[in-house]
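Asker: Sending over start09.cif (mmCIF, C-alpha atoms).
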```
data_coords
loop_
_atom_site.group_PDB
_atom_site.id
_atom_site.type_symbol
_atom_site.label_atom_id
_atom_site.label_comp_id
_atom_site.auth_asym_id
_atom_site.auth_seq_id
_atom_site.Cartn_x
_atom_site.Cartn_y
_atom_site.Cartn_z
ATOM 1 C CA ALA A 1 -12.721 -10.703 30.322
ATOM 2 C CA PHE A 2 -9.278 -10.908 28.715
ATOM 3 C CA LEU A 3 -8.789 -14.567 29.654
ATOM 4 C CA GLN A 4 -12.289 -15.434 28.520
ATOM 5 C CA SER A 5 -11.717 -13.705 25.184
ATOM 6 C CA LEU A 6 -8.696 -15.908 24.457
ATOM 7 C CA GLY A 7 -10.796 -19.034 24.333
ATOM 8 C CA ARG A 8 -14.112 -17.604 23.275
ATOM 9 C CA PRO A 9 -14.075 -14.998 20.519
ATOM 10 C CA GLY A 10 -17.286 -13.012 20.553
ATOM 11 C CA ARG A 11 -17.203 -12.710 24.333
ATOM 12 C CA GLN A 12 -14.328 -10.285 24.376
ATOM 13 C CA ALA A 13 -14.656 -6.687 25.471
ATOM 14 C CA PRO A 14 -15.638 -4.280 22.655
ATOM 15 C CA VAL A 15 -12.673 -3.179 20.584
ATOM 16 C CA PRO A 16 -11.906 0.513 21.004
ATOM 17 C CA GLY A 17 -11.962 2.637 17.882
ATOM 18 C CA ASP A 18 -14.410 4.233 15.447
ATOM 19 C CA PRO A 19 -16.333 1.423 13.702
ATOM 20 C CA ARG A 20 -17.991 3.817 11.218
ATOM 21 C CA ARG A 21 -14.578 5.034 10.095
ATOM 22 C CA GLY A 22 -13.471 1.379 10.033
ATOM 23 C CA ALA A 23 -16.354 0.533 7.680
ATOM 24 C CA SER A 24 -15.252 3.312 5.385
ATOM 25 C CA LEU A 25 -11.658 2.052 5.509
ATOM 26 C CA PHE A 26 -12.890 -1.486 4.750
ATOM 27 C CA ASP A 27 -14.300 -0.153 1.487
ATOM 28 C CA GLN A 28 -11.458 2.283 0.693
ATOM 29 C CA ALA A 29 -8.750 -0.344 1.210
ATOM 30 C CA GLY A 30 -10.573 -2.698 -1.160
ATOM 31 C CA CYS A 31 -11.419 -5.330 1.467
ATOM 32 C CA ARG A 32 -15.003 -5.674 0.242
ATOM 33 C CA ARG A 33 -13.734 -6.601 -3.210
ATOM 34 C CA CYS A 34 -12.718 -9.992 -1.774
ATOM 35 C CA HIS A 35 -14.534 -10.314 1.575
ATOM 36 C CA MET A 36 -18.281 -10.492 2.057
ATOM 37 C CA ILE A 37 -20.120 -8.956 5.008
ATOM 38 C CA GLN A 38 -23.873 -9.469 5.345
ATOM 39 C CA GLY A 39 -24.273 -10.542 1.717
ATOM 40 C CA ALA A 40 -22.271 -7.688 0.153
ATOM 41 C CA GLY A 41 -18.792 -8.178 -1.216
ATOM 42 C CA GLY A 42 -16.598 -10.703 -2.962
ATOM 43 C CA PHE A 43 -15.846 -14.398 -2.711
ATOM 44 C CA LEU A 44 -12.042 -14.553 -2.890
ATOM 45 C CA GLY A 45 -11.560 -14.107 0.862
ATOM 46 C CA PRO A 46 -13.360 -15.575 3.853
ATOM 47 C CA ASP A 47 -16.851 -14.257 4.670
ATOM 48 C CA LEU A 48 -16.450 -11.835 7.592
ATOM 49 C CA SER A 49 -20.129 -11.549 8.544
ATOM 50 C CA ASP A 50 -19.428 -13.286 11.838
ATOM 51 C CA ALA A 51 -15.745 -12.417 12.186
ATOM 52 C CA ALA A 52 -16.026 -11.294 15.815
ATOM 53 C CA LEU A 53 -17.644 -14.588 16.787
ATOM 54 C CA ARG A 54 -15.000 -16.744 15.105
ATOM 55 C CA PHE A 55 -11.766 -14.803 15.666
ATOM 56 C CA THR A 56 -10.099 -12.908 18.470
ATOM 57 C CA THR A 57 -9.104 -9.319 17.818
ATOM 58 C CA GLU A 58 -5.471 -10.430 17.774
ATOM 59 C CA ASP A 59 -6.252 -13.077 15.133
ATOM 60 C CA LEU A 60 -7.912 -10.415 12.973
ATOM 61 C CA ARG A 61 -5.018 -7.991 13.474
ATOM 62 C CA ARG A 62 -2.500 -10.667 12.496
ATOM 63 C CA SER A 63 -4.470 -11.665 9.395
ATOM 64 C CA ILE A 64 -4.485 -8.027 8.239
ATOM 65 C CA VAL A 65 -0.842 -7.134 8.891
ATOM 66 C CA ASP A 66 0.631 -10.574 8.050
ATOM 67 C CA PRO A 67 -1.942 -12.395 5.894
ATOM 68 C CA ALA A 68 0.531 -14.973 4.586
ATOM 69 C CA ALA A 69 1.250 -16.283 8.114
ATOM 70 C CA ALA A 70 -1.938 -18.362 8.339
ATOM 71 C CA VAL A 71 -3.963 -18.709 5.152
ATOM 72 C CA PRO A 72 -7.357 -20.361 5.852
ATOM 73 C CA GLU A 73 -8.138 -23.672 4.179
ATOM 74 C CA GLY A 74 -9.556 -23.076 0.716
ATOM 75 C CA PHE A 75 -7.979 -19.635 0.322
ATOM 76 C CA ARG A 76 -4.392 -20.542 -0.619
ATOM 77 C CA PRO A 77 -3.827 -19.607 -4.264
ATOM 78 C CA VAL A 78 -2.923 -22.159 -6.895
ATOM 79 C CA THR A 79 -1.406 -21.627 -10.313
ATOM 80 C CA VAL A 80 -1.856 -23.939 -13.279
ATOM 81 C CA ILE A 81 -0.660 -23.880 -16.848
ATOM 82 C CA ALA A 82 -3.540 -24.491 -19.249
ATOM 83 C CA GLY A 83 -3.179 -26.558 -22.404
ATOM 84 C CA ASN A 84 -2.727 -23.363 -24.436
ATOM 85 C CA GLY A 85 0.150 -22.207 -22.177
ATOM 86 C CA GLU A 86 -1.896 -19.621 -20.237
ATOM 87 C CA ARG A 87 -1.044 -19.228 -16.509
ATOM 88 C CA ILE A 88 -4.158 -19.257 -14.352
ATOM 89 C CA THR A 89 -3.909 -18.130 -10.706
ATOM 90 C CA GLY A 90 -6.784 -18.213 -8.255
ATOM 91 C CA LEU A 91 -8.479 -20.323 -5.594
ATOM 92 C CA LEU A 92 -8.997 -24.024 -6.175
ATOM 93 C CA LYS A 93 -12.727 -24.685 -5.926
ATOM 94 C CA ASN A 94 -12.964 -28.188 -7.350
ATOM 95 C CA ASP A 95 -10.312 -30.789 -8.046
ATOM 96 C CA SER A 96 -11.727 -34.134 -9.089
ATOM 97 C CA ASN A 97 -10.264 -36.959 -11.127
ATOM 98 C CA PHE A 98 -11.755 -35.367 -14.218
ATOM 99 C CA THR A 99 -12.109 -31.598 -13.747
ATOM 100 C CA LEU A 100 -10.188 -28.731 -12.211
ATOM 101 C CA GLU A 101 -12.036 -25.490 -11.371
ATOM 102 C CA ILE A 102 -10.359 -22.309 -10.207
ATOM 103 C CA LEU A 103 -11.977 -19.039 -9.127
ATOM 104 C CA ARG A 104 -9.719 -16.455 -10.741
ATOM 105 C CA GLU A 105 -8.799 -13.130 -9.172
ATOM 106 C CA ASP A 106 -11.089 -11.320 -11.626
ATOM 107 C CA GLY A 107 -14.055 -13.366 -10.331
ATOM 108 C CA ALA A 108 -14.350 -15.587 -13.417
ATOM 109 C CA TYR A 109 -14.151 -19.355 -13.211
ATOM 110 C CA PHE A 110 -11.567 -21.384 -15.095
ATOM 111 C CA SER A 111 -12.605 -24.970 -15.726
ATOM 112 C CA ALA A 112 -10.698 -27.580 -17.670
ATOM 113 C CA PRO A 113 -10.245 -31.317 -17.900
ATOM 114 C CA ARG A 114 -7.725 -32.348 -15.228
ATOM 115 C CA SER A 115 -5.549 -34.059 -17.822
ATOM 116 C CA SER A 116 -5.112 -30.840 -19.851
ATOM 117 C CA VAL A 117 -3.473 -28.698 -17.126
ATOM 118 C CA ARG A 118 -0.306 -28.921 -15.095
ATOM 119 C CA GLU A 119 0.356 -27.273 -11.757
ATOM 120 C CA ALA A 120 2.985 -24.572 -11.368
ATOM 121 C CA PRO A 121 4.361 -22.924 -8.240
ATOM 122 C CA ALA A 122 1.919 -20.316 -6.926
ATOM 123 C CA PRO A 123 3.422 -16.813 -7.207
ATOM 124 C CA GLN A 124 2.440 -15.913 -3.624
ATOM 125 C CA PRO A 125 1.089 -17.692 -0.526
ATOM 126 C CA THR A 126 -2.066 -15.535 -0.372
ATOM 127 C CA LEU A 127 -4.146 -13.353 -2.670
ATOM 128 C CA MET A 128 -4.614 -10.799 0.126
ATOM 129 C CA PRO A 129 -2.362 -7.737 -0.163
ATOM 130 C CA THR A 130 0.616 -8.051 2.175
ATOM 131 C CA ASP A 131 1.343 -4.346 2.571
ATOM 132 C CA TYR A 132 -1.464 -3.238 4.895
ATOM 133 C CA GLN A 133 1.004 -2.840 7.746
ATOM 134 C CA ARG A 134 2.623 -0.031 5.720
ATOM 135 C CA ARG A 135 -0.577 1.342 4.164
ATOM 136 C CA LEU A 136 -2.638 1.613 7.365
ATOM 137 C CA THR A 137 -1.764 3.851 10.284
ATOM 138 C CA ALA A 138 -2.151 2.511 13.816
ATOM 139 C CA ALA A 139 -5.422 4.484 14.120
ATOM 140 C CA ASP A 140 -6.669 3.097 10.778
ATOM 141 C CA LEU A 141 -5.979 -0.453 11.899
ATOM 142 C CA GLN A 142 -7.704 0.116 15.247
ATOM 143 C CA ASP A 143 -10.815 1.546 13.550
ATOM 144 C CA LEU A 144 -10.873 -1.343 11.076
ATOM 145 C CA LEU A 145 -10.668 -3.799 13.989
ATOM 146 C CA ALA A 146 -13.501 -1.937 15.758
ATOM 147 C CA PHE A 147 -15.625 -2.359 12.615
ATOM 148 C CA LEU A 148 -14.792 -6.069 12.331
ATOM 149 C CA ASP A 149 -15.599 -6.474 16.030
ATOM 150 C CA GLN A 150 -19.182 -5.481 15.236
ATOM 151 C CA GLN A 151 -19.532 -8.345 12.750
ATOM 152 C CA ARG A 152 -21.429 -10.805 14.915
ATOM 153 C CA ALA A 153 -24.036 -12.195 12.514
ATOM 154 C CA GLU A 154 -26.242 -14.921 13.907
ATOM 155 C CA GLY A 155 -25.609 -18.265 12.271
ATOM 156 C CA ARG A 156 -22.532 -19.111 10.313
ATOM 157 C CA ALA A 157 -20.913 -17.623 7.263
ATOM 158 C CA ALA A 158 -21.903 -19.255 3.972
ATOM 159 C CA SER A 159 -18.343 -20.491 3.394
ATOM 160 C CA VAL A 160 -18.468 -22.484 6.643
ATOM 161 C CA TRP A 161 -21.715 -24.200 5.616
ATOM 162 C CA LEU A 162 -20.291 -25.117 2.216
ATOM 163 C CA VAL A 163 -17.257 -26.744 3.807
ATOM 164 C CA LYS A 164 -19.448 -28.708 6.238
ATOM 165 C CA ALA A 165 -21.785 -29.880 3.467
ATOM 166 C CA HIS A 166 -19.047 -31.809 1.642
#
```
As structure tokens, please, write out the structure in this file.
Answerer:
Amino acid sequence: AFLQSLGRPGRQAPVPGDPRRGASLFDQAGCRRCHMIQGAGGFLGPDLSDAALRFTTEDLRRSIVDPAAAVPEGFRPVTVIAGNGERITGLLKNDSNFTLEILREDGAYFSAPRSSVREAPAPQPTLMPTDYQRRLTAADLQDLLAFLDQQRAEGRAASVWLVKAH
């Protein structure tokens, strides 16, 4: 089972822990503010509705305790300086020859003509908090992983379909 789980997430043995407590921790830690599960939550982080089918437990653990180590495509923050001097940080959602669109951390979109903004160094490699290793106990992390292990939605997360459509 262990060897199979390395190559095929979703076929791994159930993760030990208390998934109901993990669901509560998911909300208390603010995860739902950025991550969607089954249509509820935010858009700044990857949709986790099918997390157990796409990721191994170790991948999930690593992304929680060291989120800057491997930021998924489309979730690396960018910072631009607008024509009025305002710094805008968020996720790049559209970058064409004419328009730049960024989903800001507050959930609002920033859109401007490409020629009116200049890029600046992003203040951090990820928008996900990097202190969960200190904030969560070992039991908290295990229960959170048990909750994420139950996320095996049929089909694919909306973010995957959007990437494939372009």
Asker: Atom CA of Arg62 of chain A and atom CA of Glu105 of chain A are how many Å apart?
Answerer: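 Here the two named atoms are 22.7 Å from each other.
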Asker: The PyMOL selection byres ((chain A and resi 124-132) around 6) - which residues does that actually catch in the file I just gave you? List them as a list in words.
Answerer: Val65, Ala68, Arg76, Pro77, Ala122, Pro123, Gln133, Arg134, Arg135 and Leu136 of chain A
Asker: Taking only C-alpha atoms into account, name the residue in A:Ala51, A:Met36, A:Arg114, A:Phe75 that is nearest to Phe147 of chain A.
Answerer: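 Using only C-alpha atoms, Phe147 of chain A sits closest to A:Ala51.
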Asker: Expressed in Å to a single decimal, how great is the separation between atom CA of Arg61 of chain A and atom CA of Ala139 of chain A?
Answerer: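 Going from atom CA of Arg61 of chain A over to atom CA of Ala139 of chain A, I get 12.5 Å.
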Asker: Hey, what comes out of the PyMOL selection byres ((chain A and resi 50) around 6) on this file? Could you write it as a ChimeraX atom specification?
Answerer: /A:48-49,51-53,151-153
Asker: Just checking: using all atoms listed in the file, which residue out of A:Asn97, A:Pro72, A:Thr57, A:Pro121 ends up closest to Pro14 of chain A?
Answerer: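 Under the stated criterion, the closest residue is A:Thr57.
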Asker: What's around Leu144 of chain A at 7 Å? Count all atoms listed in the file, leave out sequence neighbours fewer than 6 positions away in its own chain, and write the answer as a list in words.
Answerer: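 Neighbouring residues, sequence-local ones excluded: Pro19, Gly22, Ala23, Leu25 and Phe26 of chain A.
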Asker: Distance atom CA of Asp27 of chain A-atom CA of Phe55 of chain A, one decimal place?
Answerer: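 Distance between the two atoms: 20.5 Å.
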Asker: Would you please work out which residue, of A:Glu119, A:Glu58, A:Glu73, A:Asp149, is nearest to Arg87 of chain A when using all atoms listed in the file?
Answerer: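 Among A:Glu119, A:Glu58, A:Glu73, A:Asp149, it is A:Glu119 that comes nearest to Arg87 of chain A.
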Asker: Excluding same-chain residues fewer than 3 positions from Gly90 of chain A, what lies within 7 Å of it counting only C-alpha atoms, as a list in words?
Answerer: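 Listing them by chain and then by number gives Pro77, Val78, Thr79, Ile102, Leu103, Arg104 and Glu105 of chain A.
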Asker: Would you write out, as an mmCIF file with C-alpha atoms, in the coordinates of the input, every residue that the PyMOL selection byres ((chain A and resi 110) around 12) captures in this file?
Answerer:
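Saved as result07.cif:
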```cif
data_model
loop_
_atom_site.group_PDB
_atom_site.id
_atom_site.type_symbol
_atom_site.label_atom_id
_atom_site.label_comp_id
_atom_site.auth_asym_id
_atom_site.auth_seq_id
_atom_site.Cartn_x
_atom_site.Cartn_y
_atom_site.Cartn_z
ATOM 1 C CA VAL A 78 -2.923 -22.159 -6.895
ATOM 2 C CA THR A 79 -1.406 -21.627 -10.313
ATOM 3 C CA VAL A 80 -1.856 -23.939 -13.279
ATOM 4 C CA ILE A 81 -0.660 -23.880 -16.848
ATOM 5 C CA ALA A 82 -3.540 -24.491 -19.249
ATOM 6 C CA GLU A 86 -1.896 -19.621 -20.237
ATOM 7 C CA ARG A 87 -1.044 -19.228 -16.509
ATOM 8 C CA ILE A 88 -4.158 -19.257 -14.352
ATOM 9 C CA THR A 89 -3.909 -18.130 -10.706
ATOM 10 C CA GLY A 90 -6.784 -18.213 -8.255
ATOM 11 C CA LEU A 91 -8.479 -20.323 -5.594
ATOM 12 C CA LEU A 92 -8.997 -24.024 -6.175
ATOM 13 C CA LYS A 93 -12.727 -24.685 -5.926
ATOM 14 C CA ASN A 94 -12.964 -28.188 -7.350
ATOM 15 C CA ASP A 95 -10.312 -30.789 -8.046
ATOM 16 C CA THR A 99 -12.109 -31.598 -13.747
ATOM 17 C CA LEU A 100 -10.188 -28.731 -12.211
ATOM 18 C CA GLU A 101 -12.036 -25.490 -11.371
ATOM 19 C CA ILE A 102 -10.359 -22.309 -10.207
ATOM 20 C CA LEU A 103 -11.977 -19.039 -9.127
ATOM 21 C CA ARG A 104 -9.719 -16.455 -10.741
ATOM 22 C CA GLU A 105 -8.799 -13.130 -9.172
ATOM 23 C CA ASP A 106 -11.089 -11.320 -11.626
ATOM 24 C CA GLY A 107 -14.055 -13.366 -10.331
ATOM 25 C CA ALA A 108 -14.350 -15.587 -13.417
ATOM 26 C CA TYR A 109 -14.151 -19.355 -13.211
ATOM 27 C CA SER A 111 -12.605 -24.970 -15.726
ATOM 28 C CA ALA A 112 -10.698 -27.580 -17.670
ATOM 29 C CA PRO A 113 -10.245 -31.317 -17.900
ATOM 30 C CA ARG A 114 -7.725 -32.348 -15.228
ATOM 31 C CA VAL A 117 -3.473 -28.698 -17.126
#
```
Asker: Could you tell me which of A:Gly17, A:Asp143, A:Asn84, A:Gly45 comes closest to Gly30 of chain A if we count all atoms listed in the file?
Answerer: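 Of A:Gly17, A:Asp143, A:Asn84, A:Gly45, the one nearest Gly30 of chain A, counting all atoms listed in the file, is A:Gly45.
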Asker: Please write out, as lines of an AutoDock Vina configuration file, where the centre of an axis-aligned box around all listed atoms of segment 29-39 of chain A lies and how long its edges are, in Å to one decimal, after adding 3 Å on each side.
Answerer:
```
center_x = -16.5
center_y = -5.4
center_z = 1.1
size_x = 21.5
size_y = 16.2
size_z = 14.6
```
Asker: Closest to Arg118 of chain A among A:Gly39, A:Gly74, A:Pro67, A:Gly85, using all atoms listed in the file?
Answerer: A:Gly85
